[in-house]
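This report refers to the structure that appears directly beneath it.
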Amino acid sequence: MEEVASAVQNFKKGDQVIISCVSRCGTCENCQKQLYAHCRNEGGWIMGYMIDGTHAEYVRTPFADTSLYHLPEGLNEDVAVFLSDILPTSHEIGVQYGQVKPGDNVAIVGAGPIGMSALLTAQFYSPANIIMVDVDDNQLEFAKKVMIEMT
């Protein structure tokens with residue numbers, strides 16, 4: 001963190017953080033129900049929508065105490081960036097909403113970052129088969145390599 005507002009209690013200048021793509025006030029009715037995307041106090045899906053620059057070097061993060069996470073020591077920053085948006089979105093929208101369960105056959109269309117995130121998180125549900133579809137042979141080869149390393 002480059003700068004920290006006086007209201008921020010849980011973080012200090014110099015901390016390495018993961019910025020959630022969904023900000024939350026932590027106090028409204030929806031936040032109390034863990035429906036953070038529906039925060040009633042100007043939170044929710046505002047990063048990259050109402051606040052530009054979320055993939056820039058610097059960005060103002062509202063509700064820092066409830067919307068930031070300390071970067072775990074030793075976690076590679078290149079990996080951690082996926083925890084902000086791509087991995088949780090792929091898991092929620094692709095895997096959870098797709099109702100992946102043990103023994104299922106799962107098809108993932110697209111082996112880019114979002115498809116790869118769905119591939120990684122779908123494995124937690126023990127599907128029988130995961131089929132990755134893409135027109136890019138390099139991306140498919142990478143997906144095969146990831147699957148081999150995960151088994």
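Identifiers in the structure tokens: chain A, B, ... in order shown; residue index from 1 per chain; ligand index from 1 in order shown.
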Within 7 Å of A:Gln16, counting only C-alpha atoms, which residues show up once you throw out same-chain ones fewer than 5 positions away? Write them as number ranges by chain, please.
A: 1, 70-71
I'd like the neighbourhood of A:Leu119 as a PyMOL selection string, where a residue qualifies if any of its atoms comes within 10 Å (using only C-alpha atoms), though same-chain residues fewer than 6 positions away should be ignored.
chain A and resi 87+90-91+94-95+106-108+111+113+130-132+143+146-147
C-alpha atoms of the current selection, written as a tab-separated table (two decimals), in the first residue's frame:
chain	number	residue	atom	x	y	z
A	87	LEU	CA	-10.32	-17.14	-9.82
A	90	SER	CA	-14.65	-18.47	-12.38
A	91	HIS	CA	-15.35	-20.59	-9.34
A	94	GLY	CA	-18.66	-21.46	-13.67
A	95	VAL	CA	-18.29	-24.13	-11.01
A	106	VAL	CA	-17.47	-30.97	-17.06
A	107	ALA	CA	-16.81	-29.09	-20.30
A	108	ILE	CA	-14.94	-25.78	-20.10
A	111	ALA	CA	-8.48	-22.25	-21.87
A	113	PRO	CA	-7.21	-17.31	-17.57
A	130	ILE	CA	-12.99	-32.35	-17.34
A	131	ILE	CA	-12.97	-31.52	-21.03
A	132	MET	CA	-11.21	-28.31	-22.03
A	143	ALA	CA	-4.22	-27.00	-19.53
A	146	VAL	CA	-1.78	-28.25	-15.23
A	147	MET	CA	-4.06	-31.30	-15.04
Within 9 Å of stretch 23-40 of chain A, counting only C-alpha atoms, which residues show up once you throw out same-chain ones fewer than 3 positions away? Write them as a ChimeraX atom specification, please.
/A:19-20,43-47,61-68
Dump N, CA, C and O atoms for the selected residues as a compact mmCIF listing (two decimals), in the first residue's frame?
# COMPACT_ATOMS: atom_id res chain seq x y z
N ILE A 19 -6.69 -6.93 -3.48
CA ILE A 19 -7.88 -6.09 -3.55
C ILE A 19 -9.02 -6.92 -4.10
O ILE A 19 -8.94 -7.43 -5.21
N SER A 20 -10.08 -7.05 -3.33
CA SER A 20 -11.25 -7.78 -3.81
C SER A 20 -11.94 -6.96 -4.90
O SER A 20 -12.05 -5.75 -4.80
N GLY A 43 -20.93 -0.01 -2.03
CA GLY A 43 -19.96 -1.09 -2.22
C GLY A 43 -20.42 -1.95 -3.38
O GLY A 43 -21.09 -1.49 -4.29
N GLY A 44 -20.09 -3.21 -3.32
CA GLY A 44 -20.49 -4.15 -4.37
C GLY A 44 -19.53 -4.11 -5.54
O GLY A 44 -18.32 -3.99 -5.38
N TRP A 45 -20.08 -4.21 -6.72
CA TRP A 45 -19.29 -4.31 -7.96
C TRP A 45 -18.88 -2.92 -8.47
O TRP A 45 -19.16 -2.58 -9.61
N ILE A 46 -18.22 -2.13 -7.66
CA ILE A 46 -17.84 -0.79 -8.10
C ILE A 46 -16.43 -0.72 -8.65
O ILE A 46 -16.11 0.19 -9.40
N MET A 47 -15.59 -1.68 -8.30
CA MET A 47 -14.21 -1.66 -8.78
C MET A 47 -14.19 -1.95 -10.27
O MET A 47 -14.69 -2.97 -10.73
N THR A 61 -9.23 2.39 -2.94
CA THR A 61 -10.06 1.26 -2.54
C THR A 61 -10.98 1.65 -1.39
O THR A 61 -10.51 1.83 -0.27
N PRO A 62 -12.28 1.80 -1.66
CA PRO A 62 -13.19 2.14 -0.57
C PRO A 62 -13.37 0.95 0.38
O PRO A 62 -13.18 -0.20 -0.02
N PHE A 63 -13.72 1.24 1.62
CA PHE A 63 -13.95 0.20 2.63
C PHE A 63 -12.73 -0.72 2.74
O PHE A 63 -12.86 -1.95 2.76
N ALA A 64 -11.56 -0.11 2.84
CA ALA A 64 -10.32 -0.89 2.85
C ALA A 64 -10.29 -1.95 3.94
O ALA A 64 -9.86 -3.09 3.70
N ASP A 65 -10.76 -1.64 5.13
CA ASP A 65 -10.69 -2.61 6.22
C ASP A 65 -11.51 -3.86 5.97
O ASP A 65 -11.20 -4.93 6.50
N THR A 66 -12.54 -3.77 5.16
CA THR A 66 -13.38 -4.94 4.88
C THR A 66 -13.26 -5.45 3.45
O THR A 66 -13.86 -6.47 3.11
N SER A 67 -12.49 -4.75 2.62
CA SER A 67 -12.41 -5.13 1.20
C SER A 67 -11.01 -5.52 0.75
O SER A 67 -10.82 -5.92 -0.39
N LEU A 68 -10.04 -5.38 1.63
CA LEU A 68 -8.67 -5.78 1.31
C LEU A 68 -8.30 -7.01 2.13
O LEU A 68 -8.86 -7.25 3.20
Excluding A:Thr151 and residues on its chain fewer than 4 positions from it, collect all residues at most 12 Å away from it, counting only C-alpha atoms, and give them as a PyMOL selection string.
chain A and resi 120+123-124+126+144-147
Using atom CA of A:Ile93 and atom CA of A:Met50 as the two end points, give the distance in Å to one decimal.
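Pair atom CA of A:Ile93 / atom CA of A:Met50 returns 21.8 Å.
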Between A:Val17, A:Met116, A:Ile86, A:Ala56, which has the minimum distance to A:Glu73 (counting only C-alpha atoms)?
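Looking only at the distances to A:Glu73, the closest residue turns out to be A:Val17.
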Of A:Ala128, A:Ser84, A:Pro72, A:Val100, the one sitting nearest A:Asp15 when using only C-alpha atoms is A:Pro72
Residues of stretch 76-128 of chain A in strand (DSSP E or B) according to DSSP, as an mmCIF file with N, CA, C and O atoms, in the first residue's frame?
data_model
loop_
_atom_site.group_PDB
_atom_site.id
_atom_site.type_symbol
_atom_site.label_atom_id
_atom_site.label_comp_id
_atom_site.auth_asym_id
_atom_site.auth_seq_id
_atom_site.Cartn_x
_atom_site.Cartn_y
_atom_site.Cartn_z
ATOM 1 N N ASN A 105 -19.357 -34.934 -15.626
ATOM 2 C CA ASN A 105 -18.521 -34.614 -16.773
ATOM 3 C C ASN A 105 -18.632 -33.110 -16.971
ATOM 4 O O ASN A 105 -19.738 -32.583 -17.089
ATOM 5 N N VAL A 106 -17.499 -32.428 -16.987
ATOM 6 C CA VAL A 106 -17.468 -30.974 -17.057
ATOM 7 C C VAL A 106 -16.783 -30.548 -18.346
ATOM 8 O O VAL A 106 -15.686 -31.028 -18.653
ATOM 9 N N ALA A 107 -17.415 -29.666 -19.100
ATOM 10 C CA ALA A 107 -16.808 -29.086 -20.299
ATOM 11 C C ALA A 107 -16.548 -27.613 -20.025
ATOM 12 O O ALA A 107 -17.444 -26.890 -19.577
ATOM 13 N N ILE A 108 -15.325 -27.177 -20.273
ATOM 14 C CA ILE A 108 -14.943 -25.778 -20.105
ATOM 15 C C ILE A 108 -14.536 -25.257 -21.476
ATOM 16 O O ILE A 108 -13.613 -25.788 -22.099
ATOM 17 N N VAL A 109 -15.234 -24.245 -21.933
ATOM 18 C CA VAL A 109 -14.953 -23.678 -23.250
ATOM 19 C C VAL A 109 -14.068 -22.457 -23.059
ATOM 20 O O VAL A 109 -14.475 -21.463 -22.468
#
Using only C-alpha atoms, find the one residue out of A:Glu149, A:Asp137, A:Asp104, A:Asp85 that sits nearest to A:Tyr125.
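Once distances to A:Tyr125 are computed over only C-alpha atoms, the minimum belongs to A:Asp104.
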Run DSSP on the backbone and give me the residues of chain A it puts in helix (DSSP H, G or I), as an MDAnalysis selection string.
chainID A and resid 29:32 36:38 64:67 77:83 86:96 113:125 137:150
